[in-house]
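**Student:** Contents of coords_14.cif (mmCIF, C-alpha atoms) are given next:
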data_coords
loop_
_atom_site.label_atom_id
_atom_site.label_comp_id
_atom_site.auth_asym_id
_atom_site.auth_seq_id
_atom_site.Cartn_x
_atom_site.Cartn_y
_atom_site.Cartn_z
CA MET A 1 -13.27 0.42 2.55
CA ALA A 2 -16.41 0.59 0.54
CA ALA A 3 -16.97 4.17 1.50
CA ALA A 4 -13.63 5.20 0.21
CA GLY A 5 -13.24 2.80 -2.68
CA GLY A 6 -14.91 5.02 -5.27
CA GLY A 7 -12.48 7.84 -4.58
CA TYR A 8 -9.20 5.96 -5.11
CA GLY A 9 -8.79 6.95 -8.75
CA ASP A 10 -9.70 10.57 -8.12
CA MET A 11 -7.31 10.72 -5.16
CA LEU A 12 -4.39 9.13 -7.00
CA ARG A 13 -4.81 11.53 -9.92
CA THR A 14 -4.35 14.47 -7.56
CA ARG A 15 -0.97 16.15 -7.99
CA TYR A 16 1.70 14.87 -5.54
CA ALA A 17 -0.55 12.09 -4.16
CA VAL A 18 1.35 9.18 -5.72
CA ARG A 19 4.72 10.77 -4.98
CA LEU A 20 3.90 11.30 -1.32
CA LEU A 21 2.35 7.87 -0.81
CA THR A 22 5.19 6.04 -2.56
CA GLY A 23 7.91 8.15 -0.95
CA THR A 24 6.48 7.53 2.50
CA LEU A 25 6.30 3.77 1.98
CA VAL A 26 9.90 3.63 0.73
CA GLY A 27 11.00 6.00 3.50
CA ARG A 28 9.51 3.69 6.13
CA LEU A 29 11.20 0.58 4.71
CA PRO A 30 14.23 0.68 7.10
CA ASN A 31 11.99 0.82 10.16
CA ALA A 32 9.58 -1.81 8.87
CA THR A 33 12.38 -4.32 8.18
CA ALA A 34 14.70 -3.46 11.08
CA ALA A 35 13.69 -6.30 13.40
CA LEU A 36 14.41 -8.99 10.79
CA ALA A 37 17.48 -7.31 9.28
CA ILE A 38 19.14 -6.81 12.67
CA VAL A 39 18.53 -10.39 13.78
CA LEU A 40 19.86 -11.83 10.51
CA PHE A 41 22.94 -9.59 10.61
CA VAL A 42 23.76 -10.49 14.22
CA ARG A 43 23.35 -14.20 13.53
CA ALA A 44 25.63 -13.90 10.48
CA GLN A 45 28.21 -12.24 12.71
CA GLY A 46 28.11 -15.20 15.09
CA GLY A 47 25.98 -13.50 17.75
CA SER A 48 23.34 -15.29 19.81
CA TYR A 49 19.59 -14.87 19.60
CA ALA A 50 19.71 -13.14 22.97
CA LEU A 51 22.16 -10.55 21.61
CA ALA A 52 20.12 -10.12 18.44
CA GLY A 53 16.98 -9.59 20.48
CA GLY A 54 18.76 -7.13 22.76
CA LEU A 55 20.09 -5.00 19.90
CA SER A 56 16.72 -5.05 18.15
CA ALA A 57 15.04 -4.07 21.42
CA VAL A 58 17.39 -1.10 21.87
CA TYR A 59 16.55 0.02 18.34
CA GLY A 60 12.82 -0.33 19.05
CA VAL A 61 12.91 1.57 22.34
CA ALA A 62 14.98 4.38 20.82
CA ASN A 63 12.50 4.56 17.94
CA ALA A 64 9.53 4.69 20.31
CA VAL A 65 11.13 7.55 22.26
CA GLY A 66 12.20 9.45 19.16
CA GLN A 67 8.93 9.38 17.21
CA PRO A 68 6.86 11.72 19.43
CA LEU A 69 9.86 14.00 20.02
CA LEU A 70 10.65 14.28 16.32
CA GLY A 71 6.95 14.74 15.60
CA ARG A 72 6.89 17.69 17.98
CA ALA A 73 9.99 19.10 16.26
CA VAL A 74 8.27 18.76 12.88
CA ASP A 75 5.30 20.72 14.22
CA LEU A 76 7.65 23.49 15.34
CA ARG A 77 10.10 23.64 12.44
CA GLY A 78 8.52 21.94 9.43
CA GLN A 79 9.10 18.62 7.70
CA LEU A 80 12.15 19.39 5.54
CA ARG A 81 14.24 20.82 8.38
CA VAL A 82 13.60 17.86 10.66
CA MET A 83 12.86 14.76 8.61
CA LEU A 84 15.75 14.90 6.14
CA PRO A 85 18.52 15.37 8.75
CA ALA A 86 16.87 12.71 10.91
CA SER A 87 16.78 10.27 8.00
CA LEU A 88 20.47 10.84 7.28
CA LEU A 89 21.41 10.29 10.93
CA ALA A 90 19.32 7.11 11.12
CA ALA A 91 20.99 5.77 7.97
CA LEU A 92 24.40 6.71 9.38
CA GLY A 93 23.68 4.72 12.54
CA MET A 94 22.75 1.61 10.56
CA THR A 95 25.77 2.03 8.27
CA VAL A 96 28.11 2.17 11.27
CA PHE A 97 26.45 -0.96 12.63
CA ALA A 98 26.87 -2.76 9.28
CA VAL A 99 30.54 -1.77 8.94
CA VAL A 100 31.69 -2.25 12.55
CA GLY A 101 29.57 -5.28 13.40
CA LEU A 102 29.44 -6.56 16.98
CA ASP A 103 32.95 -5.55 18.06
CA PRO A 104 33.13 -3.31 20.01
CA LEU A 105 29.68 -4.12 21.36
CA PRO A 106 29.07 -0.69 23.00
CA LEU A 107 29.46 0.94 19.60
CA ALA A 108 26.92 -1.48 18.12
CA TYR A 109 24.41 -0.53 20.82
CA ALA A 110 25.15 3.18 20.27
CA ALA A 111 24.55 2.74 16.54
CA MET A 112 21.19 1.12 17.29
CA ILE A 113 20.21 4.04 19.52
CA VAL A 114 21.06 6.58 16.81
CA ALA A 115 19.34 4.59 14.05
CA GLY A 116 16.19 4.06 16.09
CA PHE A 117 15.87 7.49 17.67
CA PHE A 118 16.33 9.45 14.44
CA THR A 119 13.94 7.40 12.31
CA PRO A 120 11.79 10.18 10.77
CA PRO A 121 8.03 10.17 11.60
CA MET A 122 7.01 9.52 8.00
CA GLU A 123 3.56 8.09 8.68
CA GLY A 124 2.38 10.99 10.81
CA GLY A 125 3.92 13.45 8.36
CA LEU A 126 1.97 11.99 5.45
CA ARG A 127 -1.34 12.11 7.28
CA ALA A 128 -0.69 15.74 8.14
CA LEU A 129 -0.20 16.53 4.44
CA TRP A 130 -3.31 14.88 3.00
CA PRO A 131 -5.83 17.66 3.82
CA SER A 132 -3.80 20.32 1.98
CA VAL A 133 -2.83 18.05 -0.92
CA LEU A 134 -6.38 16.84 -1.46
CA LYS A 135 -7.87 20.32 -1.00
CA GLY A 136 -9.94 19.28 2.02
CA LYS A 137 -12.30 17.11 -0.05
CA GLU A 138 -13.58 14.50 2.37
CA GLU A 139 -14.09 11.73 -0.20
CA ARG A 140 -10.49 12.03 -1.36
CA ILE A 141 -9.16 12.24 2.20
CA HIS A 142 -11.10 9.13 3.23
CA ALA A 143 -9.75 7.31 0.17
CA ALA A 144 -6.22 8.43 1.01
CA TYR A 145 -6.42 7.15 4.58
CA ALA A 146 -7.89 3.84 3.45
CA LEU A 147 -5.31 3.34 0.70
CA ASP A 148 -2.52 4.41 3.05
CA ALA A 149 -3.54 1.75 5.59
CA VAL A 150 -3.73 -0.98 2.95
CA ALA A 151 -0.49 0.04 1.23
CA GLN A 152 1.46 -0.08 4.48
CA GLU A 153 0.69 -3.79 4.81
CA PHE A 154 2.67 -4.35 1.62
CA ILE A 155 5.78 -3.18 3.46
CA TYR A 156 5.42 -6.06 5.87
CA VAL A 157 4.63 -8.49 3.06
CA PHE A 158 7.47 -7.58 0.69
CA GLY A 159 9.92 -5.97 3.13
CA PRO A 160 11.21 -9.31 4.52
CA LEU A 161 11.49 -10.68 0.98
CA ILE A 162 13.54 -7.65 -0.05
CA VAL A 163 15.87 -8.12 2.92
CA THR A 164 16.48 -11.81 2.29
CA GLY A 165 16.79 -11.20 -1.45
CA LEU A 166 19.51 -8.61 -0.84
CA ILE A 167 21.26 -11.03 1.51
CA ALA A 168 21.17 -13.74 -1.17
CA CYS A 169 22.56 -11.36 -3.78
CA TRP A 170 25.06 -9.59 -1.53
CA SER A 171 25.29 -9.97 2.26
CA GLU A 172 23.57 -9.16 5.55
CA ALA A 173 25.62 -5.96 5.88
CA GLY A 174 24.82 -5.04 2.28
CA SER A 175 21.11 -5.44 2.92
CA LEU A 176 21.30 -2.99 5.85
CA PHE A 177 23.11 -0.46 3.67
CA VAL A 178 20.76 -0.71 0.66
CA ILE A 179 17.57 -0.62 2.73
CA ASN A 180 18.67 2.54 4.53
CA VAL A 181 19.78 4.27 1.32
CA LEU A 182 16.30 3.59 -0.02
CA GLY A 183 14.88 5.05 3.19
CA VAL A 184 16.79 8.31 2.67
CA LEU A 185 15.66 8.51 -0.96
CA GLY A 186 12.03 7.96 0.06
CA THR A 187 12.26 10.68 2.70
CA LEU A 188 13.89 13.01 0.19
CA ALA A 189 11.07 12.45 -2.28
CA VAL A 190 8.53 13.50 0.35
CA VAL A 191 10.22 16.47 2.03
CA THR A 192 11.34 18.14 -1.20
CA SER A 193 7.78 18.16 -2.57
CA GLN A 194 5.92 21.46 -2.56
CA PRO A 195 3.20 20.34 -0.10
CA SER A 196 5.81 19.20 2.43
CA ARG A 197 7.92 22.34 2.11
CA GLN A 198 4.90 24.60 2.55
CA TRP A 199 3.20 22.65 5.35
CA ARG A 200 2.96 24.22 8.81
CA SER A 201 1.30 22.78 11.88
CA GLU A 202 -1.76 24.36 13.49
CA PRO A 203 -1.23 25.73 17.03
CA ARG A 204 -2.43 23.50 19.87
CA ASP A 205 -3.09 23.92 23.56
CA ALA A 206 -3.01 20.91 25.92
CA HIS A 207 -3.01 20.05 29.63
CA TRP A 208 0.43 19.16 31.04
CA LEU A 209 -0.59 15.48 30.96
CA GLY A 210 -1.95 15.93 27.47
CA ALA A 211 -3.73 12.93 26.04
CA LEU A 212 -2.62 10.71 28.91
CA ARG A 213 -5.22 12.22 31.23
CA SER A 214 -7.83 10.04 29.51
CA PRO A 215 -8.37 6.72 31.39
CA GLY A 216 -9.78 5.09 28.27
CA LEU A 217 -6.72 6.01 26.25
CA ARG A 218 -4.43 4.59 28.93
CA VAL A 219 -6.28 1.26 28.70
CA VAL A 220 -5.80 1.15 24.92
CA LEU A 221 -2.11 2.00 25.28
CA ALA A 222 -1.62 -0.80 27.81
CA ALA A 223 -3.38 -3.30 25.55
CA PHE A 224 -1.31 -2.33 22.51
CA PHE A 225 1.88 -2.57 24.52
CA PHE A 226 1.14 -6.30 24.84
CA ILE A 227 0.05 -6.60 21.20
CA GLY A 228 3.38 -5.02 20.28
CA THR A 229 5.11 -7.56 22.53
CA ALA A 230 3.44 -10.37 20.60
CA MET A 231 4.43 -8.96 17.21
CA GLY A 232 8.02 -8.30 18.27
CA SER A 233 8.43 -11.84 19.55
CA ILE A 234 7.08 -13.36 16.34
CA ALA A 235 9.90 -11.76 14.29
CA VAL A 236 12.64 -13.48 16.34
CA ALA A 237 10.70 -16.74 16.71
CA ALA A 238 10.25 -16.86 12.92
CA VAL A 239 14.03 -16.65 12.40
CA ALA A 240 14.56 -19.42 14.97
CA TYR A 241 11.94 -21.55 13.20
CA GLY A 242 13.65 -20.90 9.85
CA ASP A 243 17.03 -21.98 11.22
CA GLY A 244 15.50 -25.27 12.29
CA HIS A 245 13.73 -25.85 8.96
CA GLY A 246 16.37 -25.34 6.31
CA GLY A 247 17.17 -21.66 6.80
CA GLY A 248 17.14 -19.60 3.62
CA MET A 249 13.98 -17.55 3.18
CA VAL A 250 11.78 -19.58 5.54
CA SER A 251 11.60 -16.81 8.15
CA SER A 252 10.64 -14.33 5.44
CA TYR A 253 7.84 -16.61 4.29
CA LEU A 254 6.39 -16.61 7.80
CA LEU A 255 6.65 -12.85 8.32
CA SER A 256 5.29 -12.13 4.85
CA ALA A 257 2.40 -14.50 5.56
CA VAL A 258 1.56 -12.50 8.68
CA GLY A 259 1.46 -9.39 6.49
CA VAL A 260 -0.74 -11.09 3.89
CA GLY A 261 -3.12 -12.19 6.65
CA ALA A 262 -3.29 -8.65 7.99
CA LEU A 263 -3.92 -7.34 4.48
CA ILE A 264 -6.81 -9.74 3.93
CA GLY A 265 -8.21 -9.00 7.37
CA GLY A 266 -8.05 -5.27 6.73
CA PHE A 267 -9.92 -5.58 3.42
CA VAL A 268 -12.66 -7.75 4.94
CA TYR A 269 -13.02 -5.59 8.05
CA GLY A 270 -13.40 -2.39 6.04
CA ALA A 271 -15.74 -3.85 3.44
CA ARG A 272 -18.86 -4.24 5.58
CA GLN A 273 -20.71 -2.90 8.58
CA TRP A 274 -20.22 -4.39 12.04
CA PRO A 275 -22.50 -4.13 15.08
CA GLY A 276 -21.63 -2.67 18.46
CA THR A 277 -19.42 0.20 19.57
CA PRO A 278 -15.73 0.39 18.61
CA GLU A 279 -14.83 -0.29 22.25
CA GLN A 280 -16.79 -3.56 22.17
CA ARG A 281 -15.34 -4.54 18.79
CA LEU A 282 -11.80 -3.90 20.00
CA ARG A 283 -12.22 -6.43 22.82
CA VAL A 284 -13.55 -9.04 20.38
CA LEU A 285 -10.81 -8.38 17.84
CA ALA A 286 -8.02 -8.58 20.44
CA ALA A 287 -9.40 -11.86 21.80
CA SER A 288 -9.67 -13.26 18.27
CA MET A 289 -6.08 -12.29 17.57
CA ALA A 290 -4.89 -14.07 20.73
CA VAL A 291 -6.80 -17.23 19.74
CA CYS A 292 -5.23 -17.17 16.25
CA TYR A 293 -1.74 -17.15 17.80
CA LEU A 294 -2.37 -20.49 19.56
CA PRO A 295 -1.92 -22.76 16.48
CA LEU A 296 1.62 -21.40 16.04
CA LEU A 297 2.60 -23.52 19.05
CA LEU A 298 2.18 -26.62 16.88
CA VAL A 299 5.30 -25.56 14.84
CA PRO A 300 4.50 -27.95 11.94
CA GLY A 301 6.32 -28.13 8.59
CA VAL A 302 7.07 -25.04 6.53
CA VAL A 303 3.94 -25.04 4.35
CA PRO A 304 1.35 -25.49 7.14
CA MET A 305 3.36 -23.15 9.38
CA THR A 306 3.20 -20.47 6.71
CA VAL A 307 -0.57 -20.90 6.55
CA LEU A 308 -0.82 -20.64 10.33
CA ALA A 309 1.30 -17.46 10.24
CA GLY A 310 -1.17 -15.98 7.77
CA VAL A 311 -4.07 -16.84 10.08
CA ALA A 312 -2.18 -15.25 13.00
CA GLY A 313 -2.06 -11.96 11.10
CA VAL A 314 -5.74 -11.77 10.10
CA PHE A 315 -6.94 -9.75 13.09
CA LEU A 316 -3.92 -7.40 13.33
CA ALA A 317 -5.04 -4.75 10.82
CA PRO A 318 -8.68 -4.76 12.02
CA SER A 319 -7.48 -4.34 15.62
CA LEU A 320 -5.31 -1.39 14.63
CA ALA A 321 -8.08 0.20 12.55
CA CYS A 322 -10.56 -0.16 15.40
CA ALA A 323 -8.01 1.18 17.90
CA PHE A 324 -7.56 4.33 15.81
CA VAL A 325 -11.28 5.05 16.15
CA VAL A 326 -11.27 4.31 19.89
CA VAL A 327 -8.25 6.58 20.41
CA ASP A 328 -9.99 9.39 18.51
CA ARG A 329 -13.11 8.97 20.68
CA HIS A 330 -11.22 9.02 23.98
CA ALA A 331 -8.49 11.59 23.27
CA PRO A 332 -9.13 14.86 25.15
CA GLN A 333 -10.05 17.74 22.87
CA GLY A 334 -7.08 19.11 20.98
CA THR A 335 -4.77 16.17 21.77
CA VAL A 336 -5.68 13.63 19.08
CA THR A 337 -2.29 13.85 17.32
CA GLU A 338 -0.47 13.34 20.59
CA ALA A 339 -2.78 10.42 21.37
CA PHE A 340 -1.91 8.67 18.11
CA SER A 341 1.79 9.27 18.79
CA TRP A 342 1.44 7.58 22.16
CA LEU A 343 -0.26 4.60 20.47
CA VAL A 344 2.72 4.24 18.11
CA THR A 345 5.12 4.55 21.04
CA SER A 346 3.23 2.02 23.16
CA PHE A 347 3.19 -0.50 20.33
CA GLY A 348 6.86 0.12 19.55
CA VAL A 349 8.02 -0.26 23.15
CA GLY A 350 6.00 -3.46 23.44
CA ALA A 351 7.59 -4.81 20.27
CA ALA A 352 11.05 -3.94 21.58
CA ILE A 353 10.38 -5.68 24.89
CA GLY A 354 9.03 -8.67 22.99
CA THR A 355 12.18 -9.02 20.88
CA ALA A 356 14.37 -8.74 23.99
CA PHE A 357 12.34 -11.25 26.03
CA VAL A 358 11.96 -13.79 23.25
CA GLY A 359 15.71 -14.05 22.63
CA PRO A 360 16.51 -15.99 25.84
CA ALA A 361 13.26 -17.94 25.43
CA VAL A 362 14.36 -19.15 22.00
CA GLU A 363 17.85 -19.96 23.30
CA TYR A 364 16.42 -22.32 25.91
CA GLY A 365 13.23 -23.58 24.33
CA GLY A 366 13.53 -23.18 20.57
CA ALA A 367 11.03 -21.61 18.19
CA MET A 368 7.99 -22.93 20.08
CA ALA A 369 9.07 -21.04 23.22
CA GLY A 370 9.27 -17.89 21.10
CA PHE A 371 5.71 -18.34 19.91
CA VAL A 372 4.62 -18.92 23.52
CA VAL A 373 5.69 -15.31 24.17
CA ALA A 374 3.45 -14.16 21.30
CA VAL A 375 0.48 -16.09 22.71
CA GLY A 376 1.12 -14.57 26.13
CA GLY A 377 1.18 -11.07 24.66
CA GLY A 378 -2.16 -11.57 22.91
CA ALA A 379 -3.73 -13.00 26.05
CA ALA A 380 -2.44 -10.12 28.18
CA ALA A 381 -3.86 -7.54 25.74
CA THR A 382 -7.26 -9.21 25.91
CA ALA A 383 -7.11 -9.35 29.70
CA VAL A 384 -6.39 -5.62 29.89
CA LEU A 385 -9.29 -4.68 27.60
CA VAL A 386 -11.72 -6.98 29.41
CA GLY A 387 -10.51 -6.29 32.95
CA ALA A 388 -10.49 -2.51 32.53
CA ARG A 389 -13.65 -2.31 30.43
CA ARG A 390 -15.32 0.16 32.84
CA PHE A 391 -12.63 2.70 31.92
CA LEU A 392 -13.25 2.10 28.22
CA GLN A 393 -16.96 2.72 27.90
CA ALA A 394 -18.33 4.53 24.88
CA PRO A 395 -18.03 8.29 25.54
CA VAL A 396 -21.40 9.69 26.58
CA SER A 397 -20.89 12.70 24.34
CA VAL A 398 -20.85 10.54 21.21
CA SER A 399 -24.27 10.37 19.59
CA THR A 400 -25.52 7.50 17.47
CA VAL A 401 -25.25 9.57 14.33
CA VAL A 402 -22.10 11.63 14.04
CA ALA A 403 -21.28 13.67 10.99
CA ARG A 404 -17.89 14.88 12.18
CA SER A 405 -15.58 13.89 15.03
CA GLU A 406 -14.69 16.68 17.41
CA ASN A 407 -11.05 15.66 17.26
CA ASP A 408 -10.90 15.11 13.49
CA ARG A 409 -10.85 18.26 11.40
CA ASN A 410 -11.34 16.15 8.25
CA GLY A 411 -14.45 14.39 9.47
CA ALA A 412 -12.78 11.04 8.87
CA VAL A 413 -14.87 8.02 9.83
CA GLU A 414 -14.04 4.39 10.22
CA PRO A 415 -14.22 2.83 6.73
CA GLY A 416 -17.05 0.43 6.10
CA PHE A 417 -19.46 1.61 8.81
CA SER A 418 -22.84 3.19 8.44
CA ALA A 419 -23.82 6.32 10.36
CA GLU A 420 -25.44 4.38 13.19
CA HIS A 421 -22.22 2.44 13.75
CA GLN A 422 -19.68 5.17 13.19
CA ALA A 423 -17.41 6.42 15.94
#
Could you write out this file's structure as structure tokens?

**Tutor:**
Amino acid sequence: MAAAGGGYGDMLRTRYAVRLLTGTLVGRLPNATAALAIVLFVRAQGGSYALAGGLSAVYGVANAVGQPLLGRAVDLRGQLRVMLPASLLAALGMTVFAVVGLDPLPLAYAAMIVAGFFTPPMEGGLRALWPSVLKGKEERIHAAYALDAVAQEFIYVFGPLIVTGLIACWSEAGSLFVINVLGVLGTLAVVTSQPSRQWRSEPRDAHWLGALRSPGLRVVLAAFFFIGTAMGSIAVAAVAYGDGHGGGMVSSYLLSAVGVGALIGGFVYGARQWPGTPEQRLRVLAASMAVCYLPLLLVPGVVPMTVLAGVAGVFLAPSLACAFVVVDRHAPQGTVTEAFSWLVTSFGVGAAIGTAFVGPAVEYGGAMAGFVVAVGGGAAATAVLVGARRFLQAPVSVSTVVARSENDRNGAVEPGFSAEHQA
């Protein structure tokens, strides 16, 4: 982050920068809080953890399928014409779910499909806008990417608190409604801005397999499928833990602690230089994340468990940041956007599978069984990266000193790394 830190003030003073960053964060709030909000709503309706996990999984899978398809539609038709209708449809799906509840169950599943599939690709849309908003100035663009990554962690810190606060003041159904209204307003703030209305995608030409023809990329996608599984399982396991330790906001404390840990880890990771290639660092970071999940199996009292949840989140943001660099290095020329979309999809599908698998585990073995699923996901991700390391070697075309990535028109580099360590 040091490289970008000096440009924060200059970037934020740029016209539309604060509006776009804030609007995107608010617009992503429904998706960021969906796993917790759905589980709490289903439990309030008398549904089981298995049902809650199943509905949340359907939402996650639909979201993972919809993101790259909606992103392609945005490239073809622009942000306003795609993102605003998508946001309204996603909010409509959640509203139907909140009003109808679990009966009839097929309608509840249909509502989850609509809400998940039509979640607008806000994150990708924002990153597409930065070059034009910041006039192509690399220092500002680097600052924007760094601040964007840090700011997104606040969603996962405060999002669960917002959900449980709305439940305390109103109800589980009311929290679903308010969160999704905020999501529409955030999307509206972005897509009605001048940069969004004027933005058009650059033409691209790709092989029929696109980014997936890269063996290295496929390894990263497989690893982040299992990391997503771990993160999805933690959301349900945290609710189960909270139910067994007084209920209330306990589950939110745990999930917010994971976000705080990720925030701290991201700051530390970006503040200094680290040796080795990004591929090597990714293996170390994934293994460290898996090790930090192990203490969760102790399921102690609320205070120490909250601390352990924070520790479990420390290596999440660094792993994601390092993965972005690895994906950029291994994406075939002209397919970097598609490659990042596949990373989001892989992580999302893994999270959906994790929420579905952890439901029955919690039913039969309690919160500890849920955290066992998280540990297994972290271990599997590490095994993939280590076992398939020959497919994830540093690209021979990457020199030790790189001024500009072939796939990155902005010349973005990994924050906190000197030239000899840059991807």

**Student:** Neighbours of A:Gly378 within 6 Å (all atoms listed in the file; same-chain residues fewer than 3 positions away dropped), as a PyMOL selection string?

**Tutor:** chain A and resi 227+290+375+381

**Student:** Any idea what's packed within 8 Å of A:Asn180, counting all atoms listed in the file, ignoring anything in its chain fewer than 6 positions away? Could you give it as a PyMOL selection string?

**Tutor:** chain A and resi 29-30+91+94

**Student:** Select, counting only C-alpha atoms, all protein, DNA and RNA residues no farther than 8 Å from (9.0, -19.7, 28.8) in file coordinates, and express the selection as a list of chain:residue names.

**Tutor:**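 The residues that fall inside the cut-off are A:Ala361, A:Gly365, A:Ala369, A:Gly370, A:Val372, A:Val373.
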
**Student:** Put those residues in a file: C-alpha atoms, as a compact mmCIF listing (two decimals), keeping the file's coordinate frame.

**Tutor:**
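File produced: again.txt:
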# COMPACT_ATOMS: atom_id res chain seq x y z
CA ALA A 361 13.26 -17.94 25.43
CA GLY A 365 13.23 -23.58 24.33
CA ALA A 369 9.07 -21.04 23.22
CA GLY A 370 9.27 -17.89 21.10
CA VAL A 372 4.62 -18.92 23.52
CA VAL A 373 5.69 -15.31 24.17

**Student:** Can you list, as JSON, numbers by chain, the residues that the PyMOL selection byres ((chain A and resi 60) around 10) selects here?

**Tutor:** {"A": [31, 34, 35, 54, 55, 56, 57, 58, 59, 61, 62, 63, 64, 65, 66, 112, 113, 115, 116, 117, 232, 345, 347, 348, 349, 350, 351, 352, 353, 354, 355, 356]}

**Student:** Atom CA of A:Glu153 to atom CA of A:Glu172: how many Å, to one decimal?

**Tutor:** 23.5 Å

**Student:** Could you check how far atom CA of A:His330 sits from atom CA of A:Gly216, in Å to one decimal?

**Tutor:** 6.0 Å

**Student:** I need the residue set behind the PyMOL selection byres ((chain A and resi 245-258) around 9) for this file; please write it as a CSV table (one decimal) with C-alpha atoms, keeping the file's coordinate frame.

**Tutor:**
chain,number,residue,atom,x,y,z
A,36,LEU,CA,14.4,-9.0,10.8
A,154,PHE,CA,2.7,-4.4,1.6
A,156,TYR,CA,5.4,-6.1,5.9
A,157,VAL,CA,4.6,-8.5,3.1
A,158,PHE,CA,7.5,-7.6,0.7
A,159,GLY,CA,9.9,-6.0,3.1
A,160,PRO,CA,11.2,-9.3,4.5
A,161,LEU,CA,11.5,-10.7,1.0
A,163,VAL,CA,15.9,-8.1,2.9
A,164,THR,CA,16.5,-11.8,2.3
A,165,GLY,CA,16.8,-11.2,-1.4
A,168,ALA,CA,21.2,-13.7,-1.2
A,234,ILE,CA,7.1,-13.4,16.3
A,235,ALA,CA,9.9,-11.8,14.3
A,236,VAL,CA,12.6,-13.5,16.3
A,237,ALA,CA,10.7,-16.7,16.7
A,238,ALA,CA,10.2,-16.9,12.9
A,239,VAL,CA,14.0,-16.6,12.4
A,240,ALA,CA,14.6,-19.4,15.0
A,241,TYR,CA,11.9,-21.6,13.2
A,242,GLY,CA,13.6,-20.9,9.8
A,243,ASP,CA,17.0,-22.0,11.2
A,244,GLY,CA,15.5,-25.3,12.3
A,259,GLY,CA,1.5,-9.4,6.5
A,260,VAL,CA,-0.7,-11.1,3.9
A,261,GLY,CA,-3.1,-12.2,6.6
A,262,ALA,CA,-3.3,-8.6,8.0
A,263,LEU,CA,-3.9,-7.3,4.5
A,301,GLY,CA,6.3,-28.1,8.6
A,302,VAL,CA,7.1,-25.0,6.5
A,305,MET,CA,3.4,-23.2,9.4
A,306,THR,CA,3.2,-20.5,6.7
A,307,VAL,CA,-0.6,-20.9,6.6
A,308,LEU,CA,-0.8,-20.6,10.3
A,309,ALA,CA,1.3,-17.5,10.2
A,310,GLY,CA,-1.2,-16.0,7.8
A,311,VAL,CA,-4.1,-16.8,10.1
A,312,ALA,CA,-2.2,-15.2,13.0
A,313,GLY,CA,-2.1,-12.0,11.1
A,314,VAL,CA,-5.7,-11.8,10.1
A,316,LEU,CA,-3.9,-7.4,13.3

**Student:** With distances taken over all atoms listed in the file, which residue among A:Pro121, A:Pro85, A:Pro395, A:Gly377 lies nearest A:Asp328?

**Tutor:** A:Pro395

**Student:** Work out how far apart atom CA of A:Ala222 and atom CA of A:Val39 are and give it in Å to one decimal.

**Tutor:**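 That distance, rounded to one decimal, is 26.4 Å.
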
**Student:** Pick out the closest residue to A:Leu209 from this set: A:Gly101, A:Pro304, A:Pro332, A:Gly124. Count all atoms listed in the file.

**Tutor:**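 Closest to A:Leu209, using all atoms listed in the file: A:Pro332.
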
**Student:** I need the residue nearest A:Arg283 from this list: A:Leu188, A:Ala32, A:Ala223, A:Val82. Use all atoms listed in the file for the distance.

**Tutor:**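 With all atoms listed in the file as the atom set, the closest residue is A:Ala223.
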
**Student:** Pick the closest to A:Ala230 from A:Ala380, A:Ala339, A:Ala17, A:Ala86: which is it, counting only C-alpha atoms?

**Tutor:**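 Ranking A:Ala380, A:Ala339, A:Ala17, A:Ala86 by distance to A:Ala230, first place goes to A:Ala380.
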
**Student:** Using all atoms listed in the file, which residue out of A:Met368, A:Ala110, A:Leu182, A:Leu126 lies closest to A:Leu296?

**Tutor:** A:Met368

**Student:** Between A:Leu282, A:Val326, A:Ala331, A:Val362, which has the minimum distance to A:Ala394 (counting only C-alpha atoms)?

**Tutor:**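 For A:Ala394, the nearest of the candidates is A:Val326.
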